[in-house]
file model_39.txt (compact mmCIF, C-alpha atoms (C1' of nucleotides))
# COMPACT_ATOMS: atom_id res chain seq x y z
CA MET F 1 30.92 60.23 -16.81
CA THR F 2 34.10 59.70 -14.90
CA GLN F 3 37.48 60.30 -16.47
CA GLN F 4 40.28 57.93 -15.59
CA PRO F 5 41.41 60.15 -12.74
CA ASN F 6 44.98 61.34 -12.43
CA LEU F 7 46.76 59.05 -14.78
CA SER F 8 50.11 60.71 -14.07
CA LYS F 9 49.69 60.34 -10.34
CA GLN F 10 48.77 56.70 -10.68
CA VAL F 11 51.73 56.01 -12.95
CA ASN F 12 54.17 57.77 -10.62
CA GLU F 13 52.96 55.78 -7.64
CA LEU F 14 53.16 52.49 -9.49
CA LEU F 15 56.68 53.24 -10.73
CA ILE F 16 57.81 53.71 -7.14
CA LEU F 17 56.02 50.61 -5.86
CA ALA F 18 57.35 48.49 -8.72
CA CYS F 19 60.84 49.65 -7.84
CA LEU F 20 60.37 48.61 -4.22
CA ARG F 21 59.26 45.16 -5.33
CA ASP F 22 62.95 44.48 -6.03
CA GLY F 23 63.76 45.21 -2.38
CA PRO F 24 63.94 48.13 0.08
CA ALA F 25 65.35 51.42 -1.17
CA HIS F 26 65.57 55.06 -0.16
CA GLY F 27 64.18 57.96 -2.17
CA TYR F 28 67.27 59.06 -4.00
CA GLU F 29 67.94 55.48 -4.96
CA ILE F 30 64.38 55.03 -6.25
CA ALA F 31 64.76 58.07 -8.50
CA LEU F 32 67.90 56.66 -10.07
CA ALA F 33 66.45 53.15 -10.42
CA VAL F 34 63.25 54.33 -12.12
CA GLU F 35 65.21 56.37 -14.62
CA ARG F 36 67.55 53.48 -15.29
CA ASP F 37 64.88 50.76 -15.48
CA SER F 38 62.68 52.80 -17.81
CA GLY F 39 65.59 53.59 -20.10
CA GLY F 40 65.22 57.28 -19.30
CA ALA F 41 61.56 57.36 -20.31
CA PHE F 42 60.51 58.24 -16.76
CA ALA F 43 62.34 60.34 -14.21
CA PHE F 44 61.31 62.05 -11.00
CA GLN F 45 61.85 65.58 -9.83
CA TYR F 46 62.81 65.39 -6.15
CA GLY F 47 60.10 67.92 -5.37
CA THR F 48 57.68 65.39 -6.83
CA LEU F 49 59.19 62.18 -5.49
CA TYR F 50 59.40 62.91 -1.77
CA PRO F 51 55.81 64.14 -1.36
CA ILE F 52 54.63 60.97 -3.13
CA LEU F 53 56.67 58.81 -0.77
CA HIS F 54 55.09 60.59 2.20
CA ARG F 55 51.64 60.11 0.68
CA LEU F 56 52.21 56.40 0.08
CA GLU F 57 53.50 55.95 3.59
CA LYS F 58 50.41 57.64 5.04
CA GLN F 59 48.25 55.31 2.99
CA GLY F 60 50.09 52.32 4.42
CA VAL F 61 51.31 50.84 1.14
CA ILE F 62 54.96 51.47 2.01
CA ARG F 63 56.80 51.79 5.30
CA GLY F 64 59.84 53.98 5.85
CA ARG F 65 62.58 53.77 8.47
CA TRP F 66 65.48 56.10 9.08
CA GLU F 67 68.80 54.36 8.90
CA ALA F 68 70.57 54.35 12.24
CA GLU F 69 74.06 54.54 10.79
CA GLY F 70 75.80 56.40 8.02
CA ARG F 71 74.01 58.87 5.79
CA ARG F 72 70.71 60.48 6.60
CA ARG F 73 68.53 58.09 4.62
CA LYS F 74 64.98 56.91 4.92
CA VAL F 75 64.63 53.39 3.58
CA TYR F 76 61.24 52.31 2.30
CA GLU F 77 59.77 48.88 1.75
CA LEU F 78 56.47 47.54 0.48
CA THR F 79 53.90 46.54 3.09
CA PRO F 80 51.72 43.46 2.42
CA LYS F 81 48.94 45.91 1.56
CA GLY F 82 51.29 47.62 -0.86
CA SER F 83 52.20 44.35 -2.57
CA LYS F 84 48.57 43.54 -3.19
CA TYR F 85 47.86 47.08 -4.32
CA LEU F 86 50.77 47.01 -6.76
CA GLU F 87 49.69 43.70 -8.21
CA GLY F 88 46.10 44.78 -8.77
CA GLU F 89 46.69 48.31 -10.03
CA SER F 90 49.55 47.18 -12.20
CA ARG F 91 47.30 44.74 -13.99
CA GLU F 92 44.62 47.40 -14.45
CA MET F 93 47.13 49.93 -15.76
CA LYS F 94 48.45 47.43 -18.25
CA SER F 95 44.97 46.72 -19.54
CA LEU F 96 44.21 50.44 -19.68
CA PHE F 97 47.31 51.21 -21.71
CA LEU F 98 46.66 48.35 -24.10
CA ASP F 99 43.16 49.80 -24.63
CA LEU F 100 44.73 53.16 -25.22
CA ILE F 101 47.27 51.88 -27.70
CA ARG F 102 44.48 50.14 -29.56
CA VAL F 103 42.47 53.38 -29.77
CA LEU F 104 45.50 55.39 -30.84
CA GLU F 105 46.36 52.89 -33.54
CA GLY F 106 42.86 53.12 -34.93
CA PRO F 107 40.59 50.54 -36.53
CA ASN F 108 42.81 50.04 -39.60
CA HIS F 109 45.29 48.04 -37.56
CA ALA F 110 42.79 45.36 -36.65
CA ARG F 111 42.18 44.36 -40.25
CA GLY F 112 44.69 42.39 -42.32
CA MET N 1 65.93 65.37 -14.46
CA THR N 2 62.78 65.94 -16.41
CA GLN N 3 59.66 63.97 -15.70
CA GLN N 4 57.50 62.90 -18.63
CA PRO N 5 55.36 66.00 -18.28
CA ASN N 6 51.59 65.82 -18.03
CA LEU N 7 50.86 62.30 -19.08
CA SER N 8 47.13 62.79 -18.57
CA LYS N 9 47.09 65.92 -20.68
CA GLN N 10 48.97 64.21 -23.47
CA VAL N 11 46.68 61.19 -23.39
CA ASN N 12 43.54 63.32 -23.41
CA GLU N 13 44.74 65.29 -26.40
CA LEU N 14 45.71 62.18 -28.35
CA LEU N 15 42.36 60.53 -27.63
CA ILE N 16 40.60 63.51 -29.19
CA LEU N 17 42.91 63.70 -32.18
CA ALA N 18 42.67 59.96 -32.79
CA CYS N 19 38.89 60.29 -32.77
CA LEU N 20 39.04 63.06 -35.38
CA ARG N 21 41.18 60.87 -37.60
CA ASP N 22 37.96 58.98 -38.42
CA GLY N 23 36.44 62.23 -39.72
CA PRO N 24 35.09 65.59 -38.46
CA ALA N 25 33.07 65.61 -35.25
CA HIS N 26 31.74 68.04 -32.67
CA GLY N 27 32.63 67.98 -28.98
CA TYR N 28 29.69 66.09 -27.61
CA GLU N 29 30.14 63.49 -30.31
CA ILE N 30 33.85 63.13 -29.51
CA ALA N 31 33.05 62.45 -25.86
CA LEU N 32 30.67 59.64 -26.78
CA ALA N 33 33.04 58.16 -29.38
CA VAL N 34 36.04 58.09 -27.03
CA GLU N 35 34.03 56.34 -24.36
CA ARG N 36 32.67 53.83 -26.88
CA ASP N 37 35.97 53.17 -28.68
CA SER N 38 37.90 52.68 -25.44
CA GLY N 39 35.30 50.30 -24.09
CA GLY N 40 34.53 52.72 -21.27
CA ALA N 41 38.16 52.86 -20.13
CA PHE N 42 38.35 56.57 -20.96
CA ALA N 43 35.65 59.21 -20.72
CA PHE N 44 35.68 62.99 -20.67
CA GLN N 45 34.05 65.42 -18.32
CA TYR N 46 32.61 68.22 -20.43
CA GLY N 47 34.38 70.76 -18.25
CA THR N 48 37.59 69.04 -19.30
CA LEU N 49 36.80 68.34 -22.93
CA TYR N 50 35.84 71.78 -24.19
CA PRO N 51 38.86 73.64 -22.80
CA ILE N 52 41.10 71.03 -24.44
CA LEU N 53 39.34 71.54 -27.78
CA HIS N 54 39.90 75.30 -27.50
CA ARG N 55 43.53 74.72 -26.61
CA LEU N 56 44.08 72.38 -29.56
CA GLU N 57 42.39 74.85 -31.90
CA LYS N 58 44.65 77.67 -30.68
CA GLN N 59 47.65 75.45 -31.32
CA GLY N 60 46.46 74.83 -34.87
CA VAL N 61 46.22 71.06 -34.71
CA ILE N 62 42.45 71.11 -35.16
CA ARG N 63 40.08 73.58 -36.82
CA GLY N 64 36.52 74.23 -35.66
CA ARG N 65 33.58 75.64 -37.57
CA TRP N 66 30.09 76.45 -36.31
CA GLU N 67 27.43 74.63 -38.24
CA ALA N 68 25.21 77.02 -40.18
CA GLU N 69 22.06 74.94 -39.83
CA GLY N 70 20.36 72.92 -37.16
CA ARG N 71 21.75 72.59 -33.65
CA ARG N 72 24.36 74.88 -32.17
CA ARG N 73 27.36 72.71 -32.90
CA LYS N 74 31.02 73.37 -33.50
CA VAL N 75 32.48 70.75 -35.80
CA TYR N 76 36.20 70.07 -35.55
CA GLU N 77 38.58 68.46 -37.99
CA LEU N 78 42.29 67.64 -38.00
CA THR N 79 44.57 70.10 -39.75
CA PRO N 80 47.56 68.75 -41.72
CA LYS N 81 49.70 69.86 -38.78
CA GLY N 82 47.37 67.91 -36.48
CA SER N 83 47.67 64.75 -38.55
CA LYS N 84 51.44 64.85 -38.38
CA TYR N 85 51.35 65.64 -34.68
CA LEU N 86 49.00 62.75 -33.99
CA GLU N 87 51.14 60.34 -35.94
CA GLY N 88 54.36 61.33 -34.19
CA GLU N 89 53.06 61.65 -30.64
CA SER N 90 51.01 58.51 -30.96
CA ARG N 91 54.11 56.53 -31.82
CA GLU N 92 56.00 58.06 -28.90
CA MET N 93 53.17 57.37 -26.49
CA LYS N 94 52.98 53.78 -27.59
CA SER N 95 56.67 53.31 -26.99
CA LEU N 96 56.40 55.04 -23.62
CA PHE N 97 53.56 52.81 -22.49
CA LEU N 98 55.36 49.68 -23.58
CA ASP N 99 58.35 50.83 -21.51
CA LEU N 100 56.02 51.42 -18.61
CA ILE N 101 54.37 48.03 -18.89
CA ARG N 102 57.80 46.43 -19.00
CA VAL N 103 58.85 48.23 -15.81
CA LEU N 104 55.60 47.39 -14.05
CA GLU N 105 55.87 43.75 -14.98
CA GLY N 106 59.36 43.60 -13.54
CA PRO N 107 62.46 41.71 -14.62
CA ASN N 108 61.00 38.27 -13.95
CA HIS N 109 58.86 38.46 -17.05
CA ALA N 110 61.79 38.78 -19.40
CA ARG N 111 63.17 35.39 -18.46
CA GLY N 112 61.67 32.09 -19.60
C1' DC B 1 88.79 72.36 6.53
C1' DT B 2 86.76 73.16 2.30
C1' DC B 3 84.46 71.34 -1.65
C1' DT B 4 81.44 68.06 -3.92
C1' DA B 5 78.12 64.43 -4.19
C1' DT B 6 74.67 62.37 -1.69
C1' DA B 7 70.07 62.76 0.56
C1' DT B 8 65.73 64.69 2.26
C1' DA B 9 62.24 68.29 3.10
C1' DT B 10 59.24 71.98 2.03
C1' DC B 11 57.30 76.28 0.13
C1' DG B 12 55.20 78.87 -3.59
C1' DA B 13 53.99 79.00 -8.43
C1' DT B 14 51.97 76.84 -12.20
C1' DA B 15 48.70 74.28 -14.67
C1' DA B 16 45.21 70.88 -15.69
C1' DT B 17 41.19 68.68 -14.27
C1' DC B 18 36.69 68.59 -11.87
C1' DT B 19 32.37 70.51 -10.35
C1' DT B 20 28.91 73.45 -11.01
C1' DT B 21 26.18 76.65 -13.29
C1' DA B 22 24.51 79.16 -17.30
C1' DT B 23 22.89 79.32 -21.86
C1' DA B 24 20.64 77.76 -26.13
C1' DT B 25 17.93 74.87 -29.29
C1' DA B 26 15.68 70.73 -31.49
C1' DG B 27 12.06 67.59 -31.02
C1' DA B 28 8.28 65.24 -28.58
C1' DC B 29 3.89 65.66 -26.63
C1' DG B 30 -0.48 67.54 -25.26
C1' DC P 1 1.40 77.18 -28.66
C1' DG P 2 3.80 75.85 -24.30
C1' DT P 3 6.42 72.70 -21.65
C1' DC P 4 9.64 69.14 -20.94
C1' DT P 5 13.74 66.50 -22.17
C1' DA P 6 17.92 65.52 -24.64
C1' DT P 7 21.39 67.62 -27.08
C1' DA P 8 25.30 70.96 -27.16
C1' DT P 9 28.65 74.43 -25.66
C1' DA P 10 30.86 77.67 -22.44
C1' DA P 11 33.09 79.34 -18.47
C1' DA P 12 33.97 80.43 -13.54
C1' DG P 13 35.77 78.71 -9.20
C1' DA P 14 37.72 74.94 -6.36
C1' DT P 15 40.84 71.37 -6.00
C1' DT P 16 45.12 69.02 -6.52
C1' DA P 17 49.47 67.28 -8.37
C1' DT P 18 53.61 68.48 -10.32
C1' DC P 19 57.47 71.68 -10.93
C1' DG P 20 61.14 74.75 -9.62
C1' DA P 21 63.71 76.64 -6.16
C1' DT P 22 65.64 76.76 -1.81
C1' DA P 23 67.19 75.05 2.70
C1' DT P 24 69.39 71.69 5.39
C1' DA P 25 72.58 67.94 6.59
C1' DT P 26 76.46 64.68 6.13
C1' DA P 27 80.02 61.51 4.10
C1' DG P 28 84.20 61.45 1.71
C1' DA P 29 87.98 63.41 -1.15
C1' DG P 30 91.87 66.34 -1.21

call {"tool": "encode", "arguments": {"input": "model_39.txt", "output": "structure tokens"}}
result
Amino acid sequence: MTQQPNLSKQVNELLILACLRDGPAHGYEIALAVERDSGGAFAFQYGTLYPILHRLEKQGVIRGRWEAEGRRRKVYELTPKGSKYLEGESREMKSLFLDLIRVLEGPNHARG
Amino acid sequence: MTQQPNLSKQVNELLILACLRDGPAHGYEIALAVERDSGGAFAFQYGTLYPILHRLEKQGVIRGRWEAEGRRRKVYELTPKGSKYLEGESREMKSLFLDLIRVLEGPNHARG
DNA sequence: CTCTATATATCGATAATCTTTATATAGACG
DNA sequence: CGTCTATATAAAGATTATCGATATATAGAG
């Protein structure tokens, strides 16, 4: 028996990757975008966000580069591996949540 | 900024409560039912399940009673408080997941 | 030159799950 | 009766991710 492991972790990672699909962005910007795009439903603590970015970079799904000019910012972008990962996991997550909604709604919803 | 706290925890609790909506059940039975009803998408480790049951009982959303006869089983049922809680949280979760799916799908899905 | 908003990093505490181990009993089988 | 297996619950210890707080740095306003 294996539980769907670390749902929160998975969701957090996908939120970040989905944000980067719209183009490169730095951490602070990602936090604002996720909160905005989700209508406030999801928001990152910075103590949560930055470690995740480092983790994703180590795994090779995103790549970060320090900006040469202006503010001290590290701009991240999806790698090809990250794009594929996002596409696949995103589809799985969607299916998982639809399963979940179905279970939470109960059998009475299926009948007319 | 507050992150949607403990998504996994919330989901696990709702899966159990939704299962008990169909009638009283003991732990082992709940584990099997959740796995069956979710089509294998969700499944509990017993080391995860039982602590959650104890937690929910302490919070007064479920009530457990040891069966007098037969096997050593503790049968749980929803309390009125639990029913209300399930109804409310379930609705919120559904809305949250639809938000999430929307974000994961990206803006290109909204347009024709 | 000081104050504020922007921007990242990291440490320690907290908390939930996972893994493992222990315990107990019903029922099958010889 | 005795042993084995499936059922059933509990709990301790390890692991891990998030949270909360703190430190650091700089651009821009005034």

call {"tool": "residues_around", "arguments": {"input": "model_39.txt", "residues": "range 11-25 of chain P", "least_positions_apart": "2", "cutoff": "9 Å", "atoms": "only C-alpha atoms (C1' of nucleotides)", "output": "list in words"}}
result
Asn6, Ser8, Lys9, Gln45, Gly47, Thr48 and Arg72 of chain F; Pro5, Asn6 and Gly47 of chain N; DA7, DT8, DA9, DT10, DC11, DA13, DT14, DA15, DT17, DC18, DT19, DT20, DT21 and DA22 of chain B

call {"tool": "residues_near_point", "arguments": {"input": "model_39.txt", "point": "(66.0, 59.5, -6.8)", "cutoff": "9 Å", "atoms": "all atoms listed in the file", "output": "ChimeraX atom specification"}}
result
/F:26-35,43-46,49-50

call {"tool": "calpha_fit_and_write", "arguments": {"input": "model_39.txt", "fixed": "chain F", "moving": "chain N", "output": "JSON list (two decimals) with C-alpha atoms, in the coordinates of the input"}}
result
[["chain", "number", "residue", "atom", "x", "y", "z"],
["N", 1, "MET", "CA", 30.94, 60.35, -16.89],
["N", 2, "THR", "CA", 34.08, 59.78, -14.94],
["N", 3, "GLN", "CA", 37.47, 60.34, -16.48],
["N", 4, "GLN", "CA", 40.26, 57.93, -15.60],
["N", 5, "PRO", "CA", 41.41, 60.18, -12.78],
["N", 6, "ASN", "CA", 45.01, 61.32, -12.46],
["N", 7, "LEU", "CA", 46.81, 59.05, -14.83],
["N", 8, "SER", "CA", 50.14, 60.70, -14.07],
["N", 9, "LYS", "CA", 49.67, 60.29, -10.34],
["N", 10, "GLN", "CA", 48.78, 56.65, -10.72],
["N", 11, "VAL", "CA", 51.75, 55.98, -12.98],
["N", 12, "ASN", "CA", 54.17, 57.75, -10.65],
["N", 13, "GLU", "CA", 52.97, 55.75, -7.68],
["N", 14, "LEU", "CA", 53.19, 52.44, -9.53],
["N", 15, "LEU", "CA", 56.70, 53.21, -10.76],
["N", 16, "ILE", "CA", 57.82, 53.67, -7.16],
["N", 17, "LEU", "CA", 56.04, 50.59, -5.89],
["N", 18, "ALA", "CA", 57.36, 48.46, -8.74],
["N", 19, "CYS", "CA", 60.87, 49.63, -7.87],
["N", 20, "LEU", "CA", 60.39, 48.60, -4.23],
["N", 21, "ARG", "CA", 59.29, 45.15, -5.35],
["N", 22, "ASP", "CA", 62.99, 44.47, -6.04],
["N", 23, "GLY", "CA", 63.76, 45.21, -2.38],
["N", 24, "PRO", "CA", 63.95, 48.14, 0.08],
["N", 25, "ALA", "CA", 65.36, 51.43, -1.17],
["N", 26, "HIS", "CA", 65.57, 55.07, -0.15],
["N", 27, "GLY", "CA", 64.16, 57.96, -2.17],
["N", 28, "TYR", "CA", 67.25, 59.08, -3.99],
["N", 29, "GLU", "CA", 67.94, 55.49, -4.95],
["N", 30, "ILE", "CA", 64.39, 55.03, -6.25],
["N", 31, "ALA", "CA", 64.76, 58.06, -8.50],
["N", 32, "LEU", "CA", 67.92, 56.66, -10.07],
["N", 33, "ALA", "CA", 66.47, 53.14, -10.43],
["N", 34, "VAL", "CA", 63.27, 54.32, -12.13],
["N", 35, "GLU", "CA", 65.23, 56.36, -14.62],
["N", 36, "ARG", "CA", 67.59, 53.45, -15.31],
["N", 37, "ASP", "CA", 64.91, 50.74, -15.51],
["N", 38, "SER", "CA", 62.70, 52.78, -17.83],
["N", 39, "GLY", "CA", 65.60, 53.57, -20.12],
["N", 40, "GLY", "CA", 65.24, 57.26, -19.32],
["N", 41, "ALA", "CA", 61.58, 57.33, -20.35],
["N", 42, "PHE", "CA", 60.53, 58.22, -16.80],
["N", 43, "ALA", "CA", 62.35, 60.32, -14.23],
["N", 44, "PHE", "CA", 61.30, 62.04, -11.03],
["N", 45, "GLN", "CA", 61.83, 65.56, -9.85],
["N", 46, "TYR", "CA", 62.78, 65.39, -6.19],
["N", 47, "GLY", "CA", 60.08, 67.91, -5.38],
["N", 48, "THR", "CA", 57.65, 65.39, -6.84],
["N", 49, "LEU", "CA", 59.16, 62.19, -5.52],
["N", 50, "TYR", "CA", 59.34, 62.90, -1.80],
["N", 51, "PRO", "CA", 55.76, 64.11, -1.38],
["N", 52, "ILE", "CA", 54.58, 60.95, -3.16],
["N", 53, "LEU", "CA", 56.64, 58.79, -0.79],
["N", 54, "HIS", "CA", 55.06, 60.55, 2.19],
["N", 55, "ARG", "CA", 51.62, 60.09, 0.68],
["N", 56, "LEU", "CA", 52.19, 56.38, 0.05],
["N", 57, "GLU", "CA", 53.50, 55.93, 3.59],
["N", 58, "LYS", "CA", 50.40, 57.62, 5.03],
["N", 59, "GLN", "CA", 48.25, 55.29, 2.97],
["N", 60, "GLY", "CA", 50.10, 52.29, 4.39],
["N", 61, "VAL", "CA", 51.31, 50.82, 1.13],
["N", 62, "ILE", "CA", 54.96, 51.46, 1.99],
["N", 63, "ARG", "CA", 56.81, 51.77, 5.30],
["N", 64, "GLY", "CA", 59.83, 54.00, 5.85],
["N", 65, "ARG", "CA", 62.55, 53.77, 8.47],
["N", 66, "TRP", "CA", 65.45, 56.14, 9.10],
["N", 67, "GLU", "CA", 68.77, 54.39, 8.92],
["N", 68, "ALA", "CA", 70.54, 54.38, 12.28],
["N", 69, "GLU", "CA", 74.04, 54.60, 10.83],
["N", 70, "GLY", "CA", 75.78, 56.43, 8.05],
["N", 71, "ARG", "CA", 74.00, 58.92, 5.81],
["N", 72, "ARG", "CA", 70.67, 60.51, 6.62],
["N", 73, "ARG", "CA", 68.52, 58.12, 4.65],
["N", 74, "LYS", "CA", 64.96, 56.93, 4.93],
["N", 75, "VAL", "CA", 64.63, 53.40, 3.59],
["N", 76, "TYR", "CA", 61.24, 52.33, 2.29],
["N", 77, "GLU", "CA", 59.79, 48.89, 1.74],
["N", 78, "LEU", "CA", 56.48, 47.53, 0.46],
["N", 79, "THR", "CA", 53.93, 46.52, 3.06],
["N", 80, "PRO", "CA", 51.76, 43.44, 2.40],
["N", 81, "LYS", "CA", 48.97, 45.88, 1.56],
["N", 82, "GLY", "CA", 51.34, 47.60, -0.87],
["N", 83, "SER", "CA", 52.23, 44.34, -2.60],
["N", 84, "LYS", "CA", 48.59, 43.53, -3.20],
["N", 85, "TYR", "CA", 47.89, 47.06, -4.34],
["N", 86, "LEU", "CA", 50.79, 46.99, -6.78],
["N", 87, "GLU", "CA", 49.70, 43.69, -8.21],
["N", 88, "GLY", "CA", 46.10, 44.76, -8.75],
["N", 89, "GLU", "CA", 46.70, 48.29, -10.02],
["N", 90, "SER", "CA", 49.54, 47.16, -12.22],
["N", 91, "ARG", "CA", 47.26, 44.72, -13.98],
["N", 92, "GLU", "CA", 44.59, 47.40, -14.42],
["N", 93, "MET", "CA", 47.09, 49.90, -15.75],
["N", 94, "LYS", "CA", 48.41, 47.42, -18.24],
["N", 95, "SER", "CA", 44.93, 46.74, -19.53],
["N", 96, "LEU", "CA", 44.20, 50.46, -19.67],
["N", 97, "PHE", "CA", 47.32, 51.19, -21.68],
["N", 98, "LEU", "CA", 46.62, 48.39, -24.10],
["N", 99, "ASP", "CA", 43.14, 49.87, -24.62],
["N", 100, "LEU", "CA", 44.75, 53.24, -25.18],
["N", 101, "ILE", "CA", 47.27, 51.93, -27.67],
["N", 102, "ARG", "CA", 44.45, 50.21, -29.54],
["N", 103, "VAL", "CA", 42.47, 53.46, -29.74],
["N", 104, "LEU", "CA", 45.51, 55.45, -30.81],
["N", 105, "GLU", "CA", 46.38, 52.97, -33.50],
["N", 106, "GLY", "CA", 42.87, 53.20, -34.90],
["N", 107, "PRO", "CA", 40.60, 50.61, -36.48],
["N", 108, "ASN", "CA", 42.81, 50.04, -39.52],
["N", 109, "HIS", "CA", 45.28, 48.05, -37.48],
["N", 110, "ALA", "CA", 42.77, 45.40, -36.51],
["N", 111, "ARG", "CA", 42.22, 44.33, -40.09],
["N", 112, "GLY", "CA", 44.71, 42.28, -42.11]]

call {"tool": "atom_distance", "arguments": {"input": "model_39.txt", "atom1": "CA of Arg91 in chain N", "atom2": "CA of Leu14 in chain F"}}
result
22.7 Å

call {"tool": "atom_distance", "arguments": {"input": "model_39.txt", "atom1": "C1' of DA16 in chain B", "atom2": "CA of Arg55 in chain F"}}
result
20.6 Å

call {"tool": "atom_distance", "arguments": {"input": "model_39.txt", "atom1": "CA of Leu17 in chain N", "atom2": "CA of Gly60 in chain N"}}
result
12.0 Å

call {"tool": "closest_residue", "arguments": {"input": "model_39.txt", "among": "N:Glu67, N:Asp37, N:Glu13, N:Glu77", "to": "chain F", "atoms": "only C-alpha atoms"}}
result
N:Asp37

call {"tool": "closest_residue", "arguments": {"input": "model_39.txt", "among": "F:Ile62, F:Arg102, F:Arg21, F:Val11", "to": "Lys81 in chain F", "atoms": "only C-alpha atoms"}}
result
F:Ile62

call {"tool": "residues_near_point", "arguments": {"input": "model_39.txt", "point": "(37.7, 68.3, -30.6)", "cutoff": "6 Å", "atoms": "only C-alpha atoms (C1' of nucleotides)", "output": "list in words"}}
result
Ile16, Gly27, Leu53 and Tyr76 of chain N

call {"tool": "interface_residues", "arguments": {"input": "model_39.txt", "of": "chain N", "to": "chain F", "cutoff": "7 Å", "atoms": "all atoms listed in the file", "output": "number ranges by chain"}}
result
N: 1-4, 6-8, 15, 18, 37-38, 41-45, 90, 94, 96-97, 99-101, 103-104

call {"tool": "closest_atom_pairs", "arguments": {"input": "model_39.txt", "of": "chain P", "to": "chain N", "cutoff": "8 Å", "atoms": "all atoms listed in the file", "output": "tab-separated table"}}
result
residue	atom	partner	partner_atom	distance
P:DA8	C1'	N:Arg73	CA	6.3
P:DT9	C1'	N:Arg73	CA	7.6
P:DA10	C1'	N:Tyr50	CA	7.9

call {"tool": "build_atoms", "arguments": {"input": "model_39.txt", "residues": "range 77-90 of chain N", "atoms": "N, CA and C atoms", "output": "mmCIF file, in the frame of the given file"}}
result
data_model
loop_
_atom_site.group_PDB
_atom_site.id
_atom_site.type_symbol
_atom_site.label_atom_id
_atom_site.label_comp_id
_atom_site.auth_asym_id
_atom_site.auth_seq_id
_atom_site.Cartn_x
_atom_site.Cartn_y
_atom_site.Cartn_z
ATOM 1 N N GLU N 77 37.866 69.421 -37.149
ATOM 2 C CA GLU N 77 38.580 68.460 -37.990
ATOM 3 C C GLU N 77 40.083 68.634 -37.795
ATOM 4 N N LEU N 78 40.834 67.589 -38.078
ATOM 5 C CA LEU N 78 42.290 67.640 -38.000
ATOM 6 C C LEU N 78 42.826 68.581 -39.080
ATOM 7 N N THR N 79 43.818 69.367 -38.732
ATOM 8 C CA THR N 79 44.570 70.100 -39.750
ATOM 9 C C THR N 79 45.715 69.204 -40.209
ATOM 10 N N PRO N 80 46.388 69.536 -41.309
ATOM 11 C CA PRO N 80 47.560 68.750 -41.720
ATOM 12 C C PRO N 80 48.600 68.689 -40.593
ATOM 13 N N LYS N 81 48.796 69.826 -39.937
ATOM 14 C CA LYS N 81 49.700 69.860 -38.780
ATOM 15 C C LYS N 81 49.250 68.874 -37.702
ATOM 16 N N GLY N 82 47.937 68.813 -37.482
ATOM 17 C CA GLY N 82 47.370 67.910 -36.480
ATOM 18 C C GLY N 82 47.588 66.451 -36.828
ATOM 19 N N SER N 83 47.462 66.136 -38.114
ATOM 20 C CA SER N 83 47.670 64.750 -38.550
ATOM 21 C C SER N 83 49.090 64.297 -38.275
ATOM 22 N N LYS N 84 50.024 65.178 -38.620
ATOM 23 C CA LYS N 84 51.440 64.850 -38.380
ATOM 24 C C LYS N 84 51.711 64.699 -36.888
ATOM 25 N N TYR N 85 51.158 65.651 -36.134
ATOM 26 C CA TYR N 85 51.350 65.640 -34.680
ATOM 27 C C TYR N 85 50.813 64.343 -34.080
ATOM 28 N N LEU N 86 49.613 63.983 -34.487
ATOM 29 C CA LEU N 86 49.000 62.750 -33.990
ATOM 30 C C LEU N 86 49.862 61.538 -34.294
ATOM 31 N N GLU N 87 50.331 61.474 -35.527
ATOM 32 C CA GLU N 87 51.140 60.340 -35.940
ATOM 33 C C GLU N 87 52.411 60.208 -35.083
ATOM 34 N N GLY N 88 53.104 61.325 -34.938
ATOM 35 C CA GLY N 88 54.360 61.330 -34.190
ATOM 36 C C GLY N 88 54.162 61.040 -32.711
ATOM 37 N N GLU N 89 53.267 61.785 -32.077
ATOM 38 C CA GLU N 89 53.060 61.650 -30.640
ATOM 39 C C GLU N 89 52.478 60.289 -30.294
ATOM 40 N N SER N 90 51.640 59.800 -31.182
ATOM 41 C CA SER N 90 51.010 58.510 -30.960
ATOM 42 C C SER N 90 52.066 57.409 -30.907
#
